[in-house]
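All remarks here apply to the structure that follows.
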Amino acid sequence: MENFETIAIRTQMERSQYLEHSTPLYLTSSYIFEDAEDMRASFSEEKERNIYSRFTNPNTSEFVDKIAKMEGAETGYAFATGMAAVFSTLAALLNSGDHVVSARSVFGSTHGLFTKYFPKWNISHSYFNVNEVDKIEGLVKPETKILFAETPTNPGVDILDLERLGEIAKKHSLILIIDNCFATPYLQNPIKFGADLVIHSATKLIDGQGRVLGGVTVGNPELIREIYLFSRNTGPALSPFNAWVLSKSLETLAVRLDKHCENALKVAEFLENEPNAENVKYPFLKSHPQYEIAKKQMKLGGNIISFEIKGGIEAGRKFIDSVKLCSRSANLGDTRSIVTHPASTTHSKLSPEDQLEAGITPGLVRVSVGLEHVDDIIADLKQALG
Ligand SMILES: Cc1ncc(COP(=O)(O)O)c(C=O)c1O
């Protein structure tokens with residue numbers, strides 16, 4: 001097997017007759033056929049080829065191939081957004097009457113799927129707290145089909161033990177689905193620990209420059225086939241242009257992530273010593289409650305830090321208003337450092353009780369550490385913390 005950086009750069013679609021060095025962009029909605037028989041054979045899947053860009057396109061296939069190789073998966077399907085990936089993956093595999101066991105700390109819109117939309121189709125869920133993995137087995141019912149989690153979690157930066165989740169899923173014949181958005185395939189490969197499917201919001205560190213939206217699911221070919229057929233009919237496909245951008249971005253994922261993680265560790269160490277910052281959480285800080293698990297399953301700690309400002313919601317808002325270099329934005333995983341107040345933005349649709357249960361306190365701040373010089377990032381946070 002090639003090394004990660006080589007896969008990222010050398011996984012490339014076949015060259016055209018022009019012998020281009022870098023991958024071209026195929027902006028075409030459909031493809032033509034030699035004759036009626038070629039068309040029939042293509043539609044009946046006797047031939048593997050591009051038919052229509054809602055199903056496949058050379059740019060989306062290149063992007064999917066790269067992510068699949070990086071995650072140690074055979075195949076996958078790419079989506080217009082991370083949420084399209086989460087929704088389509090779950091909706092393709094779940095039937096009326098099925099039940100999902102999920103970590104409580106999931107992205108706000110994923111929580112919305114479990115609590116608001118899936119109940120309409122008679123699909124129920126049970127949540128476990130991130131520090132209560134031992135309670136998962138007690139939540140499993142005969143109709144439970146999927147075990148779902150993110151790690152590190154958004155926004156609390158908690159870590160779930162992937163090996164343990166893999167064992168539980170295997171024992172109860174559940175499909176284990178991991179949203180690997182915060183780690184990227186460079187830092188963590190959940191399939192190694194028993195995940196059946198891995199989902200990414202490519203909008204975040206995979207693009208890494210805050211330009212395009214995208215999502216992808218890779219893993220078990222039989223499950224991907226179900227997801228592909230669902231998506232071919234329902235249309236959440238990634239655009240070829242975004243696939244081209246994302247595939248180019250993957251070429252630099254390793255070098256970008258090395259620097260993101262180096263900066264983030266320095267920022268986390270600075271915050272730990274700041275009197276106005278409390279409960280600083282970063283996976284590779286020794287003080288992180290799941291530090292040992294993070295070390296076991298992650299290559300580096302990622303670029304997201306969460307902490308609480310002394311003084312609760314008012315102090316939190318004042319901090320957000322005071323940053324000068326860092327952006328006030330809901331995105332993460334950009335070259336630009338970003339500060340977010342999850343309780344009033346990304347997770348505002350959760351009730352105050354649900355927020356607290358998911359570890360989102362009123363004063364919680366999420367920092368996405370970028371690629372500016374780390375001294376400038378620290379200086380900005382220091383002046384904003386007062
Ligand atoms: C963990 C996680 N999953 C999924 C998503 C959704 O991704 P997108 O915004 O690309 O739809 C996000 C977005 O922040 C996220 O943080």
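To be explicit about the labels: the chains of the structure tokens are called A, B, and onward in the order shown, and within each one the residues are counted from 1, while ligands get numbers from 1 in the order they are shown.
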Find the residues near ligand 1. Use a cut-off of 6 Å, count only C-alpha atoms and all ligand atoms, and write them as a ChimeraX atom specification.
/A:81-83,107,154,181,201,203,213-215
Find the residues around stretch 124-141 of chain A up to 6 Å (only C-alpha atoms counted), leave out those fewer than 4 positions away in its own chain, and share them as a ChimeraX atom specification.
/A:99-104,119
Just the residues within 8 Å of A:Phe55, please, counting only C-alpha atoms, with nothing from its chain fewer than 5 positions along; format it as a list in words.
Asn50, Tyr228, Ser231, Arg232 and Ala237 of chain A
To one decimal place, how far is atom CA of A:Pro352 from atom CA of A:Phe87 in Å?
24.4 Å
Based on the backbone DSSP call, show me all residues of stretch 59-257 of chain A assigned alpha helix (DSSP H), as a VMD selection string.
chain A and resid 59 to 71 82 to 93 108 to 112 136 to 139 162 to 171 184 to 187 221 to 234 240 to 250 253 to 257
A:Val365 surroundings by only C-alpha atoms, 8 Å radius, close-in-sequence under 4 positions cut, as a list of chain:residue names
A:Ser306, A:Phe307, A:Glu308, A:Ile309, A:Gly316, A:Val339, A:Thr340, A:His341, A:Pro342
Considering only C-alpha atoms, return as a PDB file with N, CA and C atoms, in the first residue's frame whatever protein or nucleic-acid residues lie within 12 Å of A:Lys295, sequence-local ones (same chain, fewer than 3 positions apart) excluded.
```pdb
ATOM      1  N   ILE A 159     -13.884  12.533  23.109  1.00  0.00           N
ATOM      2  CA  ILE A 159     -13.376  11.417  22.304  1.00  0.00           C
ATOM      3  C   ILE A 159     -14.123  10.147  22.694  1.00  0.00           C
ATOM      4  N   LEU A 160     -14.580   9.408  21.681  1.00  0.00           N
ATOM      5  CA  LEU A 160     -15.204   8.107  21.926  1.00  0.00           C
ATOM      6  C   LEU A 160     -14.234   7.017  21.516  1.00  0.00           C
ATOM      7  N   ASP A 161     -14.244   5.915  22.259  1.00  0.00           N
ATOM      8  CA  ASP A 161     -13.311   4.817  22.016  1.00  0.00           C
ATOM      9  C   ASP A 161     -13.807   3.993  20.815  1.00  0.00           C
ATOM     10  N   LEU A 162     -13.166   4.182  19.668  1.00  0.00           N
ATOM     11  CA  LEU A 162     -13.626   3.514  18.440  1.00  0.00           C
ATOM     12  C   LEU A 162     -13.526   1.989  18.551  1.00  0.00           C
ATOM     13  N   LEU A 187      -5.864  11.810  10.172  1.00  0.00           N
ATOM     14  CA  LEU A 187      -5.618  11.645  11.616  1.00  0.00           C
ATOM     15  C   LEU A 187      -6.240  10.381  12.199  1.00  0.00           C
ATOM     16  N   GLN A 188      -7.266   9.830  11.528  1.00  0.00           N
ATOM     17  CA  GLN A 188      -7.986   8.712  12.152  1.00  0.00           C
ATOM     18  C   GLN A 188      -8.723   7.903  11.082  1.00  0.00           C
ATOM     19  N   TYR A 282      -8.687  19.755  24.399  1.00  0.00           N
ATOM     20  CA  TYR A 282      -8.010  19.473  23.125  1.00  0.00           C
ATOM     21  C   TYR A 282      -7.503  18.035  23.245  1.00  0.00           C
ATOM     22  N   PRO A 283      -7.794  17.173  22.255  1.00  0.00           N
ATOM     23  CA  PRO A 283      -7.515  15.734  22.421  1.00  0.00           C
ATOM     24  C   PRO A 283      -6.092  15.396  22.861  1.00  0.00           C
ATOM     25  N   PHE A 284      -5.087  16.171  22.405  1.00  0.00           N
ATOM     26  CA  PHE A 284      -3.707  15.823  22.741  1.00  0.00           C
ATOM     27  C   PHE A 284      -3.153  16.635  23.917  1.00  0.00           C
ATOM     28  N   LEU A 285      -4.024  17.273  24.708  1.00  0.00           N
ATOM     29  CA  LEU A 285      -3.599  17.851  25.994  1.00  0.00           C
ATOM     30  C   LEU A 285      -3.704  16.744  27.023  1.00  0.00           C
ATOM     31  N   LYS A 286      -2.702  16.606  27.875  1.00  0.00           N
ATOM     32  CA  LYS A 286      -2.720  15.516  28.879  1.00  0.00           C
ATOM     33  C   LYS A 286      -3.941  15.621  29.781  1.00  0.00           C
ATOM     34  N   HIS A 288      -6.934  16.283  28.903  1.00  0.00           N
ATOM     35  CA  HIS A 288      -8.196  15.863  28.261  1.00  0.00           C
ATOM     36  C   HIS A 288      -8.662  14.556  28.912  1.00  0.00           C
ATOM     37  N   PRO A 289      -9.954  14.473  29.274  1.00  0.00           N
ATOM     38  CA  PRO A 289     -10.413  13.264  29.995  1.00  0.00           C
ATOM     39  C   PRO A 289     -10.185  11.969  29.213  1.00  0.00           C
ATOM     40  N   GLN A 290     -10.183  12.041  27.888  1.00  0.00           N
ATOM     41  CA  GLN A 290      -9.962  10.806  27.111  1.00  0.00           C
ATOM     42  C   GLN A 290      -8.642  10.872  26.350  1.00  0.00           C
ATOM     43  N   TYR A 291      -7.630  11.492  26.965  1.00  0.00           N
ATOM     44  CA  TYR A 291      -6.310  11.657  26.330  1.00  0.00           C
ATOM     45  C   TYR A 291      -5.737  10.317  25.845  1.00  0.00           C
ATOM     46  N   GLU A 292      -5.837   9.279  26.684  1.00  0.00           N
ATOM     47  CA  GLU A 292      -5.229   7.985  26.325  1.00  0.00           C
ATOM     48  C   GLU A 292      -5.914   7.389  25.092  1.00  0.00           C
ATOM     49  N   MET A 298      -5.816   8.432  17.288  1.00  0.00           N
ATOM     50  CA  MET A 298      -5.565   9.589  16.415  1.00  0.00           C
ATOM     51  C   MET A 298      -4.060   9.795  16.220  1.00  0.00           C
ATOM     52  N   LYS A 299      -3.696  10.231  15.020  1.00  0.00           N
ATOM     53  CA  LYS A 299      -2.272  10.492  14.729  1.00  0.00           C
ATOM     54  C   LYS A 299      -1.819  11.787  15.405  1.00  0.00           C
ATOM     55  N   LEU A 300      -2.680  12.827  15.344  1.00  0.00           N
ATOM     56  CA  LEU A 300      -2.431  14.109  16.013  1.00  0.00           C
ATOM     57  C   LEU A 300      -3.781  14.594  16.552  1.00  0.00           C
ATOM     58  N   GLY A 301      -3.788  15.720  17.261  1.00  0.00           N
ATOM     59  CA  GLY A 301      -5.005  16.115  17.990  1.00  0.00           C
ATOM     60  C   GLY A 301      -6.054  16.895  17.222  1.00  0.00           C
ATOM     61  N   GLY A 302      -5.817  17.208  15.934  1.00  0.00           N
ATOM     62  CA  GLY A 302      -6.818  17.973  15.176  1.00  0.00           C
ATOM     63  C   GLY A 302      -6.654  19.475  15.377  1.00  0.00           C
TER      64      GLY A 302
END
```
Residues near A:Gln355, cut-off 10 Å, only C-alpha atoms, skip fewer than 4 positions along chain, as a list in words:
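The neighbour list is Arg104, Ser105, Gly108, Pro342, Ala343, His347, Ser348, Lys349, Leu350, Ser351, Gly359, Ile360, Thr361 and Pro362 of chain A.
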Work out how far atom CA of A:Tyr186 is from atom CA of A:Glu272, in Å to one decimal.
26.2 Å
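Every protein or nucleic acid residue with an atom no more than 10 Å from A:Ala91, counting only C-alpha atoms and leaving out same-chain residues fewer than 2 positions away, appears here: Ala85, Val86, Phe87, Ser88, Thr89, Leu93, Leu94, Asn95, Leu113, Phe118, Trp121, Ile123, Glu226, Ile227, Phe230 and Ser231 of chain A.
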Determine the nearest neighbour of A:Ser247 from the options A:Glu45, A:Ala202, A:Asn331, A:Arg54, counting only C-alpha atoms.
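Of the candidates, the smallest distance to A:Ser247 is held by A:Ala202.
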A:Ile378, A:Arg10, A:Gly156, A:Leu165: which is nearest A:Glu274, counting only C-alpha atoms?
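Using only C-alpha atoms, the shortest distance to A:Glu274 belongs to A:Ile378.
Interatomic distance, atom CA of A:Leu197 to atom CA of A:Glu14: 27.0 Å.
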May I ask which of the residues A:Ile191, A:Asp380, A:Lys310, A:Thr346 is the closest one to A:Cys326, counting only C-alpha atoms?
A:Asp380
For a quick check of understanding, using only C-alpha atoms, which of A:His373, A:Lys318, A:Arg40, A:Lys116 has the smallest distance to A:Asn263?
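Answer, going by the shortest atom-to-atom distance: A:His373.
Among the candidates A:Ser30, A:Thr151, A:Ser96, A:Thr184, the one nearest to A:Ile67 when counting only C-alpha atoms is A:Thr184.
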